[in-house]
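Colleague: So here's protein39.txt, just compact mmCIF, C-alpha atoms:
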```
# COMPACT_ATOMS: atom_id res chain seq x y z
CA MET O 23 -39.50 12.21 -52.32
CA SER O 24 -41.67 9.22 -51.75
CA VAL O 25 -38.65 7.02 -51.02
CA SER O 26 -37.09 9.50 -48.59
CA ALA O 27 -40.40 9.91 -46.81
CA LYS O 28 -40.69 6.18 -46.18
CA ALA O 29 -37.07 5.70 -45.00
CA PRO O 30 -37.60 7.01 -41.46
CA ALA O 31 -40.59 4.77 -41.02
CA ARG O 32 -38.59 1.74 -42.12
CA ALA O 33 -35.66 2.73 -39.88
CA GLY O 34 -37.96 3.26 -36.96
CA GLY O 35 -39.62 -0.07 -37.53
CA TYR O 36 -36.27 -1.80 -37.82
CA LEU O 37 -35.10 -0.16 -34.56
CA THR O 38 -38.25 -1.31 -32.82
CA VAL O 39 -37.67 -4.88 -33.97
CA VAL O 40 -34.02 -4.80 -32.79
CA VAL O 41 -34.89 -3.33 -29.38
CA GLY O 42 -37.65 -5.87 -28.96
CA ALA O 43 -35.28 -8.72 -29.81
CA VAL O 44 -32.66 -7.49 -27.31
CA VAL O 45 -35.25 -7.13 -24.56
CA GLY O 46 -36.48 -10.61 -25.34
CA LEU O 47 -32.97 -12.02 -25.05
CA LEU O 48 -32.42 -10.25 -21.74
CA VAL O 49 -35.69 -11.59 -20.37
CA THR O 50 -34.77 -15.09 -21.54
CA ALA O 51 -31.34 -14.78 -19.92
CA GLY O 52 -32.97 -13.56 -16.72
CA VAL O 53 -35.30 -16.53 -16.65
CA ALA O 54 -32.42 -18.91 -17.30
CA GLY O 55 -30.39 -17.28 -14.53
CA THR O 56 -33.31 -17.52 -12.15
CA GLU O 57 -33.78 -21.20 -12.86
CA GLU O 58 -30.05 -21.94 -12.63
CA ASN O 59 -28.93 -20.16 -9.49
CA GLY O 60 -31.87 -18.31 -8.03
CA LEU O 61 -30.74 -14.91 -9.30
CA ALA O 62 -32.59 -12.57 -11.61
CA PHE O 63 -29.73 -12.40 -14.07
CA GLY O 64 -26.36 -13.89 -14.99
CA ARG O 65 -25.13 -17.45 -14.62
CA ALA O 66 -23.31 -19.64 -12.15
CA ALA O 67 -19.52 -19.11 -12.09
CA ALA O 68 -17.47 -21.81 -13.77
CA PRO O 69 -15.04 -23.78 -11.55
CA GLU O 70 -12.00 -22.21 -13.23
CA GLU O 71 -13.44 -18.74 -12.65
CA ILE O 72 -13.90 -19.46 -8.93
CA ALA O 73 -10.38 -20.91 -8.70
CA ALA O 74 -8.91 -17.69 -10.12
CA TRP O 75 -10.32 -15.73 -7.17
CA ASP O 76 -10.05 -18.40 -4.47
CA ILE O 77 -6.39 -17.80 -3.57
CA ASP O 78 -6.59 -17.12 0.17
CA ILE O 79 -4.55 -19.23 2.59
CA ARG O 80 -5.76 -19.95 6.13
CA PRO O 81 -3.48 -19.46 9.15
CA ASP O 82 -3.35 -23.23 9.70
CA GLY O 83 -1.99 -23.73 6.16
CA VAL O 84 -5.20 -24.92 4.53
CA GLY O 85 -5.14 -23.68 0.95
CA LEU O 86 -1.38 -23.85 0.46
CA PRO O 87 -0.73 -25.35 -2.98
CA PRO O 88 1.61 -28.31 -3.54
CA GLY O 89 5.21 -27.26 -3.92
CA SER O 90 8.66 -27.34 -2.40
CA ALA O 91 11.77 -25.18 -2.20
CA SER O 92 14.64 -24.12 0.01
CA ALA O 93 15.94 -20.78 1.21
CA ALA O 94 19.02 -21.30 -0.94
CA GLY O 95 16.77 -21.54 -3.99
CA GLY O 96 15.15 -18.22 -3.10
CA GLU O 97 18.35 -16.24 -2.46
CA GLU O 98 19.05 -15.15 -6.04
CA LEU O 99 15.34 -14.64 -6.72
CA PHE O 100 15.11 -12.36 -3.68
CA TYR O 101 18.08 -10.31 -4.92
CA GLU O 102 16.49 -9.93 -8.37
CA ARG O 103 12.85 -9.30 -7.43
CA CYS O 104 12.80 -8.02 -3.83
CA ALA O 105 16.10 -6.43 -2.77
CA ALA O 106 15.50 -3.13 -4.60
CA CYS O 107 12.95 -2.25 -1.92
CA HIS O 108 13.72 -4.54 1.01
CA GLY O 109 17.53 -4.62 0.78
CA GLU O 110 19.75 -7.64 0.17
CA PHE O 111 19.44 -8.73 3.78
CA GLY O 112 15.86 -7.61 4.44
CA GLU O 113 17.05 -4.45 6.17
CA GLY O 114 14.77 -2.21 4.11
CA VAL O 115 15.82 0.49 1.63
CA ASP O 116 14.90 4.06 2.56
CA ARG O 117 11.39 3.78 4.03
CA TRP O 118 10.47 0.41 2.50
CA PRO O 119 9.48 -2.27 5.04
CA VAL O 120 12.16 -4.06 7.06
CA LEU O 121 11.73 -7.85 6.87
CA MET O 122 14.22 -9.14 9.43
CA GLY O 123 15.20 -8.57 13.03
CA GLY O 124 13.19 -6.63 15.59
CA PHE O 125 13.02 -9.51 18.05
CA ASP O 126 12.03 -8.55 21.62
CA THR O 127 10.96 -5.05 20.53
CA LEU O 128 7.17 -5.49 20.49
CA THR O 129 6.79 -4.16 24.04
CA GLU O 130 8.95 -1.10 23.40
CA ASP O 131 7.70 2.39 22.50
CA ARG O 132 8.94 1.90 18.92
CA PRO O 133 8.49 -1.78 18.07
CA GLU O 134 10.10 -3.14 14.92
CA LYS O 135 7.33 -5.22 13.37
CA THR O 136 9.07 -7.50 10.91
CA VAL O 137 8.25 -10.93 9.50
CA GLY O 138 10.48 -12.47 12.15
CA SER O 139 9.36 -10.46 15.16
CA TYR O 140 5.65 -9.93 14.48
CA TRP O 141 4.08 -12.16 11.83
CA PRO O 142 2.39 -15.15 13.48
CA TYR O 143 2.16 -17.79 10.71
CA THR O 144 4.29 -18.81 7.74
CA SER O 145 1.11 -19.29 5.71
CA THR O 146 0.40 -15.55 6.10
CA LEU O 147 3.83 -14.81 4.63
CA TRP O 148 3.21 -17.13 1.66
CA ASP O 149 -0.25 -15.67 1.08
CA TYR O 150 0.96 -12.07 1.11
CA ILE O 151 3.92 -12.67 -1.21
CA HIS O 152 1.75 -14.67 -3.60
CA ARG O 153 -1.06 -12.14 -3.54
CA ALA O 154 0.79 -8.81 -3.65
CA MET O 155 4.51 -9.20 -4.41
CA PRO O 156 6.75 -8.18 -6.08
CA PHE O 157 5.49 -4.61 -5.90
CA GLY O 158 4.01 -3.70 -9.27
CA GLU O 159 4.19 -7.30 -10.50
CA ALA O 160 1.78 -9.06 -8.17
CA GLN O 161 1.09 -12.77 -8.78
CA SER O 162 3.93 -13.06 -11.28
CA LEU O 163 5.80 -15.68 -9.19
CA THR O 164 5.15 -19.40 -9.52
CA ASP O 165 4.09 -21.35 -6.44
CA ASP O 166 7.57 -22.84 -6.00
CA GLU O 167 9.12 -19.37 -6.34
CA VAL O 168 6.81 -18.08 -3.62
CA TYR O 169 7.94 -20.92 -1.37
CA ALA O 170 11.59 -20.14 -2.17
CA VAL O 171 11.30 -16.40 -1.45
CA SER O 172 9.25 -17.05 1.71
CA LEU O 173 11.86 -19.48 3.00
CA TYR O 174 14.66 -17.03 2.24
CA VAL O 175 12.88 -14.35 4.29
CA LEU O 176 12.54 -16.88 7.11
CA TYR O 177 16.24 -17.70 6.73
CA LEU O 178 17.10 -14.01 7.13
CA ASN O 179 15.34 -14.25 10.49
CA ASP O 180 17.25 -17.42 11.52
CA LEU O 181 14.06 -19.50 11.44
CA VAL O 182 15.09 -22.12 8.83
CA GLU O 183 18.33 -23.60 7.52
CA LEU O 184 19.61 -22.36 4.18
CA ASP O 185 19.60 -25.75 2.42
CA ALA O 186 16.60 -27.33 4.13
CA VAL O 187 13.87 -28.26 1.63
CA HIS O 188 10.27 -27.70 2.72
CA ASP O 189 7.01 -28.72 1.08
CA GLN O 190 3.60 -27.25 1.83
CA ASP O 191 3.14 -29.35 4.98
CA SER O 192 6.52 -28.75 6.61
CA PHE O 193 6.37 -25.09 5.59
CA ALA O 194 3.06 -24.61 7.42
CA ALA O 195 4.51 -26.40 10.46
CA ILE O 196 7.34 -23.88 10.96
CA GLU O 197 6.63 -22.10 14.24
CA MET O 198 6.95 -18.33 14.26
CA PRO O 199 8.27 -16.53 17.40
CA ASN O 200 5.13 -14.40 17.81
CA ALA O 201 2.56 -17.14 17.17
CA ASP O 202 1.25 -16.79 20.74
CA GLY O 203 0.68 -13.07 20.19
CA PHE O 204 -2.37 -13.85 18.04
CA PHE O 205 -5.52 -15.81 18.75
CA MET O 206 -7.17 -18.31 16.42
CA PRO O 207 -10.10 -18.40 16.31
CA ASP O 208 -10.94 -14.90 17.49
CA PRO O 209 -12.41 -15.31 21.02
CA ARG O 210 -14.46 -12.12 20.78
CA PRO O 211 -18.22 -12.49 20.19
CA ASP O 212 -19.61 -11.62 16.78
CA THR O 213 -22.08 -9.15 18.31
CA PRO O 214 -21.90 -6.96 21.43
CA THR O 215 -23.18 -8.72 24.52
CA ASP O 216 -24.28 -5.50 26.27
CA GLU O 217 -26.65 -2.76 25.19
CA PRO O 218 -24.42 0.02 23.81
CA CYS O 219 -24.55 3.46 25.43
CA MET O 220 -25.65 6.07 22.90
CA ARG O 221 -25.96 9.28 24.98
CA ALA O 222 -24.25 10.88 28.04
CA CYS O 223 -22.05 7.81 28.51
CA ASP O 224 -19.84 7.67 31.58
CA VAL O 225 -16.88 5.74 30.19
CA PRO O 226 -13.67 5.59 32.29
CA THR O 227 -10.78 7.09 30.31
CA GLU O 228 -7.09 6.89 31.11
CA ILE O 229 -4.39 8.90 29.37
CA VAL O 230 -1.48 6.54 28.81
CA GLY O 231 0.88 8.85 26.93
CA LYS O 232 1.38 12.26 25.37
CA ALA O 233 2.83 13.17 22.02
CA ARG O 234 5.90 14.88 23.49
CA ILE O 235 6.64 11.94 25.78
CA LEU O 236 6.25 9.45 22.94
CA ASP O 237 8.62 11.61 20.87
CA VAL O 238 6.34 11.87 17.86
CA THR O 239 6.18 15.68 18.00
CA PRO O 240 9.35 17.42 16.71
CA ASP O 241 11.16 19.51 19.32
CA GLN O 242 11.44 23.23 18.58
CA GLU O 243 13.47 25.66 20.63
CA GLY O 244 11.53 28.39 22.41
CA GLU O 245 8.32 26.41 22.74
CA GLY O 246 6.78 25.62 26.07
CA THR O 247 6.12 22.13 27.29
CA LEU O 248 2.92 20.59 25.99
CA GLU O 249 0.46 19.73 28.71
```
Spell out the structure here as structure tokens.

Modeller:
Amino acid sequence: MSVSAKAPARAGGYLTVVVGAVVGLLVTAGVAGTEENGLAFGRAAAPEEIAAWDIDIRPDGVGLPPGSASAAGGEELFYERCAACHGEFGEGVDRWPVLMGGFDTLTEDRPEKTVGSYWPYTSTLWDYIHRAMPFGEAQSLTDDEVYAVSLYVLYLNDLVELDAVHDQDSFAAIEMPNADGFFMPDPRPDTPTDEPCMRACDVPTEIVGKARILDVTPDQEGEGTLE
């Protein structure tokens, strides 16, 4: 009985020591983190950890990794990794995105926004394929494979020759048809220049289209005209 009566006290004392040690370690880590990077906890990220997240590519091509490929080199890869959704010629399967064509449709009621007709920079194409494709297997392509697939998509839009080899510099220099449809840098101010209206605002409004006219509402016999 005497042994069992003392066991809880020993366990409690042991738990107190352990908790105290853990708290002490956390405090020490907090102090170290504060001295190292000005934060109350943690540590500075290692260069390789930053590199794993720093994968964005700027519109002017800054950030593109070294590499080279041709559209011919991306043809078979596109068939194997991309055609199931986008079709063998970029025409799109079912409701998956169309990648080619659509030129001169951006001012129509139903524009076809494809890589060829809408996307402004080749670097955006490389960045998106590298970051998010193939669907379900994102970032599984090597850098050269991304160049090859990107160039094949551009080839489908008659923007590069099939056998022309491009490196990161010549790839970024390829001019897209809709490059002038975007602005870089954004000319808009970061903050509103005028005091915003918050109550009883008299804002001119113009109706530019109706659902029936735009043909987004299904027609049904016997219904009156929407006004």

Colleague: Hey, which of O:Gly124, O:Gly83, O:Pro156, O:Pro69 ends up closest to Arg103 of chain O? Count all atoms listed in the file.

Modeller: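 When distances to Arg103 of chain O are compared using all atoms listed in the file, the smallest one comes from O:Pro156.
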
Colleague: What residues have an atom no more than 12 Å from (-6.0, -20.1, -2.8) in the file's own frame, counting all atoms listed in the file, and can you write them as a list in words?

Modeller: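 Final list of nearby residues, as requested, is Ile72, Ala73, Ala74, Trp75, Asp76, Ile77, Asp78, Ile79, Arg80, Gly83, Val84, Gly85, Leu86, Pro87, Pro88, Ser145, Thr146, Trp148, Asp149, Tyr150, His152, Arg153, Gln161 and Asp165 of chain O.
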
Colleague: Considering all atoms listed in the file, state which residue in the set O:Lys232, O:Tyr169, O:Thr227, O:Pro211 is at the smallest distance from Asp191 of chain O.

Modeller: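 Going through O:Lys232, O:Tyr169, O:Thr227, O:Pro211 one by one, the smallest distance to Asp191 of chain O is for O:Tyr169.
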
Colleague: Could you tell me how far atom CA of Tyr143 of chain O lies from atom CA of Ala93 of chain O, in Å and to one decimal?

Modeller: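 For atom CA of Tyr143 of chain O relative to atom CA of Ala93 of chain O, the distance reads 17.0 Å.
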
Colleague: Just the number, please: distance in Å from atom CA of Cys223 of chain O to atom CA of Asp208 of chain O, one decimal.

Modeller: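 According to the coordinates, atom CA of Cys223 of chain O and atom CA of Asp208 of chain O are separated by 27.6 Å.
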
Colleague: So, with all atoms listed in the file as the atoms that count, which of O:Asp180, O:Asp224, O:Glu217, O:Glu167 lies closest to Glu98 of chain O?

Modeller: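 Comparing O:Asp180, O:Asp224, O:Glu217, O:Glu167 against Glu98 of chain O, the winner is O:Glu167.
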
Colleague: Quick one: pull the distance between atom CA of Pro226 of chain O and atom CA of Pro207 of chain O, Å, one decimal.

Modeller: 29.0 Å
